[in-house]
>>> print(open('run.cif').read())   # mmCIF, N, CA and C atoms
data_protein
#
loop_
_atom_site.label_atom_id
_atom_site.label_comp_id
_atom_site.auth_asym_id
_atom_site.auth_seq_id
_atom_site.Cartn_x
_atom_site.Cartn_y
_atom_site.Cartn_z
N MET A 1 -6.98 41.17 30.07
CA MET A 1 -6.56 40.96 28.71
C MET A 1 -5.21 40.26 28.67
N ALA A 2 -4.27 40.71 29.51
CA ALA A 2 -2.95 40.11 29.54
C ALA A 2 -3.04 38.66 30.01
N ARG A 3 -3.94 38.40 30.99
CA ARG A 3 -4.11 37.03 31.49
C ARG A 3 -4.66 36.12 30.38
N THR A 4 -5.61 36.64 29.61
CA THR A 4 -6.18 35.85 28.52
C THR A 4 -5.12 35.53 27.48
N ALA A 5 -4.32 36.50 27.11
CA ALA A 5 -3.26 36.28 26.12
C ALA A 5 -2.24 35.28 26.65
N ALA A 6 -1.89 35.37 27.93
CA ALA A 6 -0.93 34.44 28.51
C ALA A 6 -1.51 33.04 28.56
N ALA A 7 -2.78 32.92 28.91
CA ALA A 7 -3.43 31.61 28.96
C ALA A 7 -3.49 30.99 27.57
N LEU A 8 -3.80 31.79 26.57
CA LEU A 8 -3.84 31.28 25.20
C LEU A 8 -2.45 30.85 24.73
N ALA A 9 -1.43 31.60 25.07
CA ALA A 9 -0.07 31.24 24.69
C ALA A 9 0.36 29.93 25.34
N ILE A 10 0.04 29.77 26.63
CA ILE A 10 0.38 28.52 27.33
C ILE A 10 -0.38 27.35 26.71
N ALA A 11 -1.67 27.54 26.40
CA ALA A 11 -2.46 26.48 25.78
C ALA A 11 -1.87 26.09 24.43
N ALA A 12 -1.44 27.08 23.65
CA ALA A 12 -0.85 26.79 22.34
C ALA A 12 0.45 26.00 22.50
N LEU A 13 1.27 26.33 23.50
CA LEU A 13 2.51 25.60 23.74
C LEU A 13 2.23 24.16 24.17
N VAL A 14 1.22 23.95 25.01
CA VAL A 14 0.88 22.61 25.46
C VAL A 14 0.39 21.77 24.28
N ILE A 15 -0.47 22.34 23.45
CA ILE A 15 -0.98 21.61 22.29
C ILE A 15 0.17 21.28 21.35
N ALA A 16 1.06 22.21 21.07
CA ALA A 16 2.19 21.95 20.18
C ALA A 16 3.10 20.87 20.75
N ALA A 17 3.35 20.91 22.05
CA ALA A 17 4.23 19.92 22.68
C ALA A 17 3.62 18.53 22.63
N CYS A 18 2.30 18.44 22.66
CA CYS A 18 1.62 17.15 22.63
C CYS A 18 1.38 16.65 21.22
N GLY A 19 1.71 17.46 20.22
CA GLY A 19 1.51 17.04 18.84
C GLY A 19 0.08 17.17 18.38
N GLY A 20 -0.77 17.86 19.13
CA GLY A 20 -2.17 18.00 18.75
C GLY A 20 -2.40 19.29 18.00
N GLY A 21 -3.66 19.59 17.81
CA GLY A 21 -4.03 20.83 17.17
C GLY A 21 -4.35 20.63 15.71
N ALA A 22 -4.95 21.63 15.10
CA ALA A 22 -5.35 21.56 13.71
C ALA A 22 -4.14 21.39 12.82
N GLY A 23 -4.23 20.48 11.88
CA GLY A 23 -3.16 20.27 10.92
C GLY A 23 -2.02 19.40 11.43
N ALA A 24 -2.07 18.97 12.68
CA ALA A 24 -1.00 18.14 13.21
C ALA A 24 -1.09 16.75 12.59
N THR A 25 0.06 16.21 12.22
CA THR A 25 0.08 14.87 11.65
C THR A 25 1.20 14.07 12.29
N GLY A 26 0.94 12.81 12.50
CA GLY A 26 1.97 11.91 13.00
C GLY A 26 2.73 11.31 11.84
N GLN A 27 3.61 10.42 12.16
CA GLN A 27 4.42 9.77 11.14
C GLN A 27 3.88 8.38 10.84
N PRO A 28 3.80 8.04 9.56
CA PRO A 28 3.41 6.67 9.23
C PRO A 28 4.57 5.72 9.53
N ASP A 29 4.26 4.47 9.73
CA ASP A 29 5.26 3.41 9.93
C ASP A 29 4.73 2.20 9.17
N ILE A 30 5.23 2.01 7.96
CA ILE A 30 4.68 1.04 7.02
C ILE A 30 5.38 -0.30 7.14
N GLN A 31 4.58 -1.36 7.15
CA GLN A 31 5.08 -2.74 7.14
C GLN A 31 4.30 -3.49 6.07
N VAL A 32 4.95 -4.46 5.42
CA VAL A 32 4.27 -5.28 4.43
C VAL A 32 4.32 -6.73 4.89
N GLU A 33 3.17 -7.40 4.81
CA GLU A 33 3.06 -8.77 5.31
C GLU A 33 2.45 -9.67 4.25
N GLN A 34 2.72 -10.95 4.33
CA GLN A 34 2.07 -12.00 3.56
C GLN A 34 2.11 -11.79 2.06
N ALA A 35 3.25 -11.35 1.54
CA ALA A 35 3.38 -11.16 0.09
C ALA A 35 3.46 -12.52 -0.60
N ARG A 36 2.78 -12.62 -1.75
CA ARG A 36 2.81 -13.84 -2.54
C ARG A 36 2.27 -13.56 -3.93
N ALA A 37 2.65 -14.41 -4.88
CA ALA A 37 2.15 -14.33 -6.25
C ALA A 37 1.94 -15.75 -6.75
N PRO A 38 0.71 -16.12 -7.13
CA PRO A 38 0.51 -17.44 -7.71
C PRO A 38 1.26 -17.57 -9.04
N GLN A 39 1.77 -18.75 -9.32
CA GLN A 39 2.48 -18.98 -10.58
C GLN A 39 1.51 -18.68 -11.73
N PRO A 40 1.90 -17.79 -12.65
CA PRO A 40 1.00 -17.42 -13.74
C PRO A 40 0.95 -18.47 -14.84
N ALA A 41 -0.17 -18.48 -15.56
CA ALA A 41 -0.33 -19.38 -16.69
C ALA A 41 -0.21 -18.62 -18.01
N SER A 42 0.06 -17.31 -17.95
CA SER A 42 0.16 -16.50 -19.17
C SER A 42 1.18 -15.39 -18.94
N SER A 43 1.10 -14.33 -19.74
CA SER A 43 2.07 -13.23 -19.64
C SER A 43 1.64 -12.17 -18.64
N VAL A 44 0.62 -12.45 -17.83
CA VAL A 44 0.22 -11.56 -16.75
C VAL A 44 0.22 -12.35 -15.44
N ALA A 45 0.40 -11.64 -14.36
CA ALA A 45 0.40 -12.27 -13.04
C ALA A 45 -0.20 -11.30 -12.04
N GLU A 46 -0.56 -11.82 -10.88
CA GLU A 46 -1.08 -11.00 -9.79
C GLU A 46 -0.19 -11.18 -8.57
N ALA A 47 -0.12 -10.14 -7.76
CA ALA A 47 0.60 -10.21 -6.49
C ALA A 47 -0.33 -9.72 -5.40
N PHE A 48 -0.20 -10.33 -4.24
CA PHE A 48 -1.06 -10.02 -3.11
C PHE A 48 -0.20 -9.78 -1.87
N PHE A 49 -0.63 -8.86 -1.02
CA PHE A 49 0.05 -8.59 0.24
C PHE A 49 -0.81 -7.64 1.06
N THR A 50 -0.42 -7.45 2.30
CA THR A 50 -1.08 -6.49 3.19
C THR A 50 -0.10 -5.40 3.54
N VAL A 51 -0.53 -4.16 3.39
CA VAL A 51 0.26 -3.00 3.81
C VAL A 51 -0.33 -2.54 5.13
N ARG A 52 0.46 -2.61 6.19
CA ARG A 52 0.01 -2.23 7.53
C ARG A 52 0.75 -0.96 7.95
N ASN A 53 0.01 -0.02 8.49
CA ASN A 53 0.57 1.23 8.98
C ASN A 53 0.43 1.25 10.49
N VAL A 54 1.52 1.03 11.21
CA VAL A 54 1.47 1.03 12.67
C VAL A 54 1.84 2.40 13.24
N GLY A 55 1.98 3.38 12.35
CA GLY A 55 2.33 4.73 12.77
C GLY A 55 1.11 5.56 13.13
N THR A 56 1.37 6.81 13.50
CA THR A 56 0.32 7.71 13.94
C THR A 56 -0.16 8.64 12.84
N GLY A 57 0.41 8.54 11.65
CA GLY A 57 -0.01 9.36 10.52
C GLY A 57 -0.38 8.49 9.34
N SER A 58 -1.30 8.96 8.53
CA SER A 58 -1.71 8.20 7.34
C SER A 58 -0.64 8.30 6.25
N ASP A 59 -0.75 7.42 5.27
CA ASP A 59 0.14 7.45 4.11
C ASP A 59 -0.65 6.97 2.91
N THR A 60 -0.03 7.04 1.75
CA THR A 60 -0.69 6.65 0.51
C THR A 60 0.29 5.87 -0.34
N LEU A 61 -0.13 4.70 -0.80
CA LEU A 61 0.66 3.93 -1.77
C LEU A 61 0.39 4.55 -3.13
N LEU A 62 1.44 5.11 -3.73
CA LEU A 62 1.29 5.83 -5.00
C LEU A 62 1.56 4.97 -6.22
N GLU A 63 2.54 4.06 -6.10
CA GLU A 63 3.01 3.37 -7.29
C GLU A 63 3.68 2.06 -6.91
N VAL A 64 3.59 1.09 -7.81
CA VAL A 64 4.26 -0.20 -7.65
C VAL A 64 5.05 -0.46 -8.92
N SER A 65 6.29 -0.96 -8.76
CA SER A 65 7.10 -1.28 -9.94
C SER A 65 7.88 -2.56 -9.69
N THR A 66 8.29 -3.18 -10.80
CA THR A 66 9.07 -4.41 -10.72
C THR A 66 9.90 -4.55 -11.99
N GLN A 67 10.95 -5.35 -11.90
CA GLN A 67 11.79 -5.62 -13.07
C GLN A 67 11.28 -6.81 -13.87
N VAL A 68 10.32 -7.58 -13.33
CA VAL A 68 9.88 -8.81 -14.01
C VAL A 68 8.73 -8.57 -14.98
N ALA A 69 8.20 -7.34 -15.05
CA ALA A 69 7.08 -7.05 -15.95
C ALA A 69 7.23 -5.65 -16.54
N ALA A 70 6.65 -5.48 -17.71
CA ALA A 70 6.69 -4.17 -18.36
C ALA A 70 5.91 -3.13 -17.55
N GLN A 71 4.87 -3.59 -16.87
CA GLN A 71 4.03 -2.67 -16.10
C GLN A 71 3.49 -3.36 -14.86
N ALA A 72 3.42 -2.62 -13.78
CA ALA A 72 2.80 -3.10 -12.54
C ALA A 72 1.85 -2.01 -12.06
N GLN A 73 0.64 -2.41 -11.70
CA GLN A 73 -0.31 -1.42 -11.19
C GLN A 73 -1.27 -2.06 -10.22
N VAL A 74 -1.74 -1.26 -9.28
CA VAL A 74 -2.77 -1.73 -8.35
C VAL A 74 -4.09 -1.62 -9.09
N GLU A 75 -4.84 -2.72 -9.08
CA GLU A 75 -6.14 -2.74 -9.73
C GLU A 75 -7.24 -3.03 -8.72
N ARG A 76 -8.41 -2.50 -9.03
CA ARG A 76 -9.60 -2.69 -8.21
C ARG A 76 -10.56 -3.57 -8.99
N VAL A 77 -11.17 -4.52 -8.32
CA VAL A 77 -12.16 -5.40 -8.93
C VAL A 77 -13.54 -4.84 -8.62
N THR A 78 -14.35 -4.73 -9.67
CA THR A 78 -15.73 -4.25 -9.52
C THR A 78 -16.67 -5.34 -10.00
N ARG A 79 -17.69 -5.62 -9.20
CA ARG A 79 -18.68 -6.64 -9.56
C ARG A 79 -20.05 -5.97 -9.72
N ARG A 80 -20.67 -6.24 -10.87
CA ARG A 80 -22.04 -5.77 -11.13
C ARG A 80 -22.80 -6.95 -11.67
N GLY A 81 -23.60 -7.55 -10.82
CA GLY A 81 -24.30 -8.77 -11.21
C GLY A 81 -23.29 -9.87 -11.46
N THR A 82 -23.32 -10.43 -12.65
CA THR A 82 -22.36 -11.49 -12.99
C THR A 82 -21.12 -10.94 -13.70
N ARG A 83 -21.10 -9.65 -13.93
CA ARG A 83 -19.97 -9.02 -14.65
C ARG A 83 -18.89 -8.57 -13.66
N ILE A 84 -17.66 -8.97 -13.95
CA ILE A 84 -16.52 -8.58 -13.13
C ILE A 84 -15.54 -7.81 -14.01
N THR A 85 -15.15 -6.62 -13.57
CA THR A 85 -14.17 -5.83 -14.31
C THR A 85 -13.03 -5.43 -13.38
N MET A 86 -11.88 -5.18 -13.99
CA MET A 86 -10.71 -4.69 -13.25
C MET A 86 -10.31 -3.36 -13.86
N GLN A 87 -9.94 -2.43 -13.01
CA GLN A 87 -9.48 -1.13 -13.47
C GLN A 87 -8.44 -0.59 -12.51
N PRO A 88 -7.57 0.31 -12.98
CA PRO A 88 -6.57 0.87 -12.07
C PRO A 88 -7.23 1.49 -10.85
N ALA A 89 -6.67 1.21 -9.69
CA ALA A 89 -7.25 1.68 -8.44
C ALA A 89 -6.82 3.10 -8.09
N GLY A 90 -5.72 3.55 -8.66
CA GLY A 90 -5.20 4.85 -8.26
C GLY A 90 -4.52 4.72 -6.91
N PRO A 91 -4.12 5.83 -6.33
CA PRO A 91 -3.45 5.78 -5.03
C PRO A 91 -4.33 5.12 -3.96
N LEU A 92 -3.69 4.33 -3.09
CA LEU A 92 -4.40 3.65 -2.00
C LEU A 92 -4.05 4.31 -0.67
N SER A 93 -5.05 4.79 0.02
CA SER A 93 -4.84 5.40 1.34
C SER A 93 -4.64 4.30 2.38
N ILE A 94 -3.66 4.51 3.24
CA ILE A 94 -3.38 3.59 4.34
C ILE A 94 -3.50 4.41 5.62
N PRO A 95 -4.60 4.24 6.35
CA PRO A 95 -4.82 5.07 7.54
C PRO A 95 -3.84 4.75 8.66
N ALA A 96 -3.64 5.71 9.53
CA ALA A 96 -2.84 5.47 10.73
C ALA A 96 -3.46 4.32 11.50
N HIS A 97 -2.64 3.44 12.00
CA HIS A 97 -3.09 2.26 12.76
C HIS A 97 -4.05 1.39 11.95
N GLY A 98 -3.91 1.39 10.62
CA GLY A 98 -4.80 0.62 9.76
C GLY A 98 -4.03 -0.22 8.77
N ALA A 99 -4.76 -0.90 7.92
CA ALA A 99 -4.14 -1.78 6.93
C ALA A 99 -4.99 -1.81 5.67
N VAL A 100 -4.34 -2.11 4.56
CA VAL A 100 -5.01 -2.33 3.29
C VAL A 100 -4.50 -3.67 2.77
N SER A 101 -5.43 -4.58 2.48
CA SER A 101 -5.05 -5.91 1.98
C SER A 101 -5.35 -6.00 0.49
N LEU A 102 -4.36 -6.45 -0.25
CA LEU A 102 -4.51 -6.74 -1.68
C LEU A 102 -4.67 -8.25 -1.77
N THR A 103 -5.85 -8.70 -2.19
CA THR A 103 -6.23 -10.11 -2.05
C THR A 103 -6.81 -10.66 -3.35
N PRO A 104 -6.80 -11.99 -3.50
CA PRO A 104 -7.47 -12.59 -4.65
C PRO A 104 -8.96 -12.22 -4.65
N GLY A 105 -9.46 -11.82 -5.79
CA GLY A 105 -10.86 -11.42 -5.90
C GLY A 105 -11.13 -9.99 -5.48
N GLY A 106 -10.11 -9.30 -4.96
CA GLY A 106 -10.25 -7.91 -4.53
C GLY A 106 -9.17 -7.08 -5.19
N SER A 107 -8.85 -5.96 -4.60
CA SER A 107 -7.75 -5.16 -5.12
C SER A 107 -6.47 -5.99 -5.07
N HIS A 108 -5.62 -5.82 -6.07
CA HIS A 108 -4.40 -6.61 -6.20
C HIS A 108 -3.41 -5.86 -7.07
N VAL A 109 -2.17 -6.33 -7.11
CA VAL A 109 -1.18 -5.79 -8.04
C VAL A 109 -1.22 -6.65 -9.30
N MET A 110 -1.44 -6.03 -10.44
CA MET A 110 -1.43 -6.74 -11.72
C MET A 110 -0.08 -6.48 -12.39
N LEU A 111 0.56 -7.56 -12.77
CA LEU A 111 1.84 -7.50 -13.48
C LEU A 111 1.55 -7.80 -14.95
N LEU A 112 1.75 -6.83 -15.80
CA LEU A 112 1.43 -6.96 -17.22
C LEU A 112 2.71 -7.05 -18.04
N GLY A 113 2.72 -7.94 -19.02
CA GLY A 113 3.88 -8.08 -19.90
C GLY A 113 5.08 -8.67 -19.17
N LEU A 114 4.89 -9.84 -18.57
CA LEU A 114 6.00 -10.49 -17.87
C LEU A 114 7.16 -10.68 -18.83
N ASN A 115 8.35 -10.36 -18.38
CA ASN A 115 9.53 -10.54 -19.23
C ASN A 115 10.40 -11.69 -18.75
N THR A 116 9.91 -12.43 -17.79
CA THR A 116 10.60 -13.61 -17.29
C THR A 116 9.56 -14.59 -16.77
N GLY A 117 9.90 -15.87 -16.78
CA GLY A 117 8.98 -16.85 -16.24
C GLY A 117 8.96 -16.79 -14.71
N LEU A 118 7.80 -16.91 -14.15
CA LEU A 118 7.66 -16.94 -12.69
C LEU A 118 7.24 -18.35 -12.30
N ALA A 119 8.16 -19.10 -11.76
CA ALA A 119 7.89 -20.48 -11.38
C ALA A 119 7.75 -20.59 -9.87
N ALA A 120 6.86 -21.46 -9.44
CA ALA A 120 6.68 -21.70 -8.00
C ALA A 120 8.02 -22.03 -7.38
N GLY A 121 8.29 -21.43 -6.25
CA GLY A 121 9.56 -21.62 -5.55
C GLY A 121 10.53 -20.48 -5.79
N ASN A 122 10.32 -19.68 -6.84
CA ASN A 122 11.16 -18.51 -7.09
C ASN A 122 10.59 -17.31 -6.35
N GLU A 123 11.28 -16.19 -6.45
CA GLU A 123 10.77 -14.94 -5.90
C GLU A 123 11.22 -13.79 -6.77
N PHE A 124 10.54 -12.66 -6.64
CA PHE A 124 10.90 -11.45 -7.36
C PHE A 124 10.68 -10.27 -6.42
N THR A 125 11.09 -9.10 -6.85
CA THR A 125 10.92 -7.92 -5.99
C THR A 125 9.87 -6.98 -6.57
N LEU A 126 9.17 -6.32 -5.67
CA LEU A 126 8.27 -5.22 -5.99
C LEU A 126 8.76 -4.01 -5.21
N THR A 127 8.78 -2.87 -5.85
CA THR A 127 9.12 -1.63 -5.15
C THR A 127 7.84 -0.83 -4.97
N LEU A 128 7.56 -0.48 -3.73
CA LEU A 128 6.36 0.28 -3.38
C LEU A 128 6.77 1.71 -3.09
N ARG A 129 6.11 2.67 -3.75
CA ARG A 129 6.42 4.08 -3.53
C ARG A 129 5.24 4.74 -2.81
N PHE A 130 5.55 5.39 -1.69
CA PHE A 130 4.55 6.01 -0.84
C PHE A 130 4.66 7.53 -0.89
N ARG A 131 3.59 8.20 -0.52
CA ARG A 131 3.60 9.66 -0.48
C ARG A 131 4.51 10.18 0.64
N ARG A 132 4.45 9.60 1.82
CA ARG A 132 5.20 10.13 2.96
C ARG A 132 6.36 9.24 3.39
N SER A 133 6.19 7.95 3.32
CA SER A 133 7.24 7.02 3.75
C SER A 133 8.24 6.81 2.62
N PRO A 134 9.44 6.37 2.97
CA PRO A 134 10.40 6.05 1.91
C PRO A 134 9.92 4.86 1.09
N SER A 135 10.38 4.78 -0.15
CA SER A 135 10.06 3.62 -0.99
C SER A 135 10.56 2.36 -0.29
N MET A 136 9.88 1.25 -0.58
CA MET A 136 10.20 -0.01 0.08
C MET A 136 10.23 -1.09 -0.99
N THR A 137 11.28 -1.91 -0.99
CA THR A 137 11.35 -3.04 -1.90
C THR A 137 11.07 -4.30 -1.09
N ILE A 138 10.11 -5.10 -1.58
CA ILE A 138 9.73 -6.32 -0.88
C ILE A 138 10.01 -7.53 -1.77
N PHE A 139 10.25 -8.66 -1.15
CA PHE A 139 10.42 -9.92 -1.87
C PHE A 139 9.08 -10.62 -1.91
N VAL A 140 8.72 -11.09 -3.11
CA VAL A 140 7.43 -11.75 -3.31
C VAL A 140 7.70 -13.18 -3.75
N PRO A 141 7.38 -14.16 -2.91
CA PRO A 141 7.56 -15.56 -3.32
C PRO A 141 6.48 -15.96 -4.32
N VAL A 142 6.88 -16.75 -5.30
CA VAL A 142 5.92 -17.31 -6.27
C VAL A 142 5.46 -18.65 -5.71
N VAL A 143 4.15 -18.79 -5.58
CA VAL A 143 3.59 -20.02 -5.01
C VAL A 143 2.81 -20.77 -6.10
N ALA A 144 2.57 -22.04 -5.86
CA ALA A 144 1.81 -22.84 -6.81
C ALA A 144 0.43 -22.22 -7.00
N ALA A 145 -0.02 -22.20 -8.25
CA ALA A 145 -1.35 -21.64 -8.55
C ALA A 145 -2.41 -22.53 -7.94
N PRO A 146 -3.48 -21.92 -7.43
CA PRO A 146 -4.56 -22.74 -6.87
C PRO A 146 -5.21 -23.58 -7.98
N THR A 147 -5.63 -24.75 -7.61
CA THR A 147 -6.27 -25.63 -8.62
C THR A 147 -7.76 -25.68 -8.43
#
>>> encode(input="run.cif", output="structure tokens")
Amino acid sequence: MARTAAALAIAALVIAACGGGAGATGQPDIQVEQARAPQPASSVAEAFFTVRNVGTGSDTLLEVSTQVAAQAQVERVTRRGTRITMQPAGPLSIPAHGAVSLTPGGSHVMLLGLNTGLAAGNEFTLTLRFRRSPSMTIFVPVVAAPT
């Protein structure tokens, strides 16, 4: 009995030292790549980028904000036949060693109620708030709208 208890205690110490075991979580390490926003033709705009997590723990993008619009939100595009709709996506999970891309025609950041003109060649900031990682402010270049 004493040997079994000692073996279990040693096994528990080894698992804890290795960071394994039930409920163990690593740390996320968030990076943002390829941020851009096409020059808008109206009072709304879209922003695109990839959120990459090179860490060992998952994270969640909870919120996006900016000073250039009254509202910023991640939206999901849904296609049913020829009908396309956009709706708030809610929190976006970013798995450990994974990435989430916000792209034209897919999930993206919608900027509603622009309070300043966004001209190609300029840039603005977006602040990304995560569940586990610290908030991150990124620079988003405004690029010429596709023709």
>>> resolve_selection(input="run.cif", expression="the PyMOL selection byres ((chain A and resi 115) around 6.5)", output="MDAnalysis selection string")
chainID A and resid 67:70 113:114 116:117
>>> closest_residue(input="run.cif", among="A:Ala145, A:Gly105, A:Phe49, A:Glu33", to="Thr78 in chain A", atoms="only N, CA and C atoms")
A:Gly105
>>> residues_around(input="run.cif", residues="Arg129 in chain A", least_positions_apart="5", cutoff="7 Å", atoms="all atoms listed in the file", output="list in words")
Thr60, Leu61, Leu62, Glu63, Val64, Ser65, Pro134, Ser135 and Met136 of chain A
>>> residues_around(input="run.cif", residues="Leu102 in chain A", least_positions_apart="5", cutoff="5 Å", atoms="all atoms listed in the file", output="number ranges by chain")
A: 48-50, 107-108
>>> residues_around(input="run.cif", residues="range 26-29 of chain A", least_positions_apart="6", cutoff="6 Å", atoms="all atoms listed in the file", output="PyMOL selection string")
chain A and resi 52-59
>>> resolve_selection(input="run.cif", expression="the PyMOL selection byres ((chain A and resi 122) around 6)", output="short mmCIF file (atom, residue, chain, number, x, y, z; two decimals) with N, CA and C atoms, keeping the file's coordinate frame")
data_model
loop_
_atom_site.label_atom_id
_atom_site.label_comp_id
_atom_site.auth_asym_id
_atom_site.auth_seq_id
_atom_site.Cartn_x
_atom_site.Cartn_y
_atom_site.Cartn_z
N ALA A 119 8.16 -19.10 -11.76
CA ALA A 119 7.89 -20.48 -11.38
C ALA A 119 7.75 -20.59 -9.87
N ALA A 120 6.86 -21.46 -9.44
CA ALA A 120 6.68 -21.70 -8.00
C ALA A 120 8.02 -22.03 -7.38
N GLY A 121 8.29 -21.43 -6.25
CA GLY A 121 9.56 -21.62 -5.55
C GLY A 121 10.53 -20.48 -5.79
N GLU A 123 11.28 -16.19 -6.45
CA GLU A 123 10.77 -14.94 -5.90
C GLU A 123 11.22 -13.79 -6.77
N PHE A 124 10.54 -12.66 -6.64
CA PHE A 124 10.90 -11.45 -7.36
C PHE A 124 10.68 -10.27 -6.42
N VAL A 140 8.72 -11.09 -3.11
CA VAL A 140 7.43 -11.75 -3.31
C VAL A 140 7.70 -13.18 -3.75
N PRO A 141 7.38 -14.16 -2.91
CA PRO A 141 7.56 -15.56 -3.32
C PRO A 141 6.48 -15.96 -4.32
N VAL A 142 6.88 -16.75 -5.30
CA VAL A 142 5.92 -17.31 -6.27
C VAL A 142 5.46 -18.65 -5.71
#
>>> closest_residue(input="run.cif", among="A:Ile30, A:Val77, A:Ala35, A:Val100", to="Phe139 in chain A", atoms="all atoms listed in the file")
A:Ala35
>>> select_by_dssp(input="run.cif", residues="chain A", states="strand (DSSP E or B)", output="PyMOL selection string")
chain A and resi 30-38+44-53+59-65+69-80+83-88+92-94+98-102+108-114+123-130+136-143
>>> residues_near_point(input="run.cif", point="(-3.3, -1.5, -6.9)", cutoff="7 Å", atoms="only C-alpha atoms", output="list in words")
Gln73, Val74, Glu75, Arg76, Pro88, Ala89, Gly90, Ser107, His108 and Val109 of chain A
>>> closest_residue(input="run.cif", among="A:Leu118, A:Leu92, A:Ile138, A:Leu128", to="Pro40 in chain A", atoms="only N, CA and C atoms")
A:Leu118
>>> atom_distance(input="run.cif", atom1="CA of Ser42 in chain A", atom2="CA of Thr147 in chain A")
15.4 Å
>>> atom_distance(input="run.cif", atom1="atom C of Pro104 in chain A", atom2="atom C of Ala45 in chain A")
11.5 Å
>>> atom_distance(input="run.cif", atom1="atom N of Pro146 in chain A", atom2="atom C of Ala99 in chain A")
24.0 Å
>>> select_by_dssp(input="run.cif", residues="chain A", states="helix (DSSP H, G or I)", output="JSON, numbers by chain")
{"A": [2, 3, 4, 5, 6, 7, 8, 9, 10, 11, 12, 13, 14, 15, 16, 17, 18]}
>>> closest_residue(input="run.cif", among="A:Thr137, A:Arg132, A:Ala37, A:Val44", to="Gln71 in chain A", atoms="only C-alpha atoms")
A:Val44
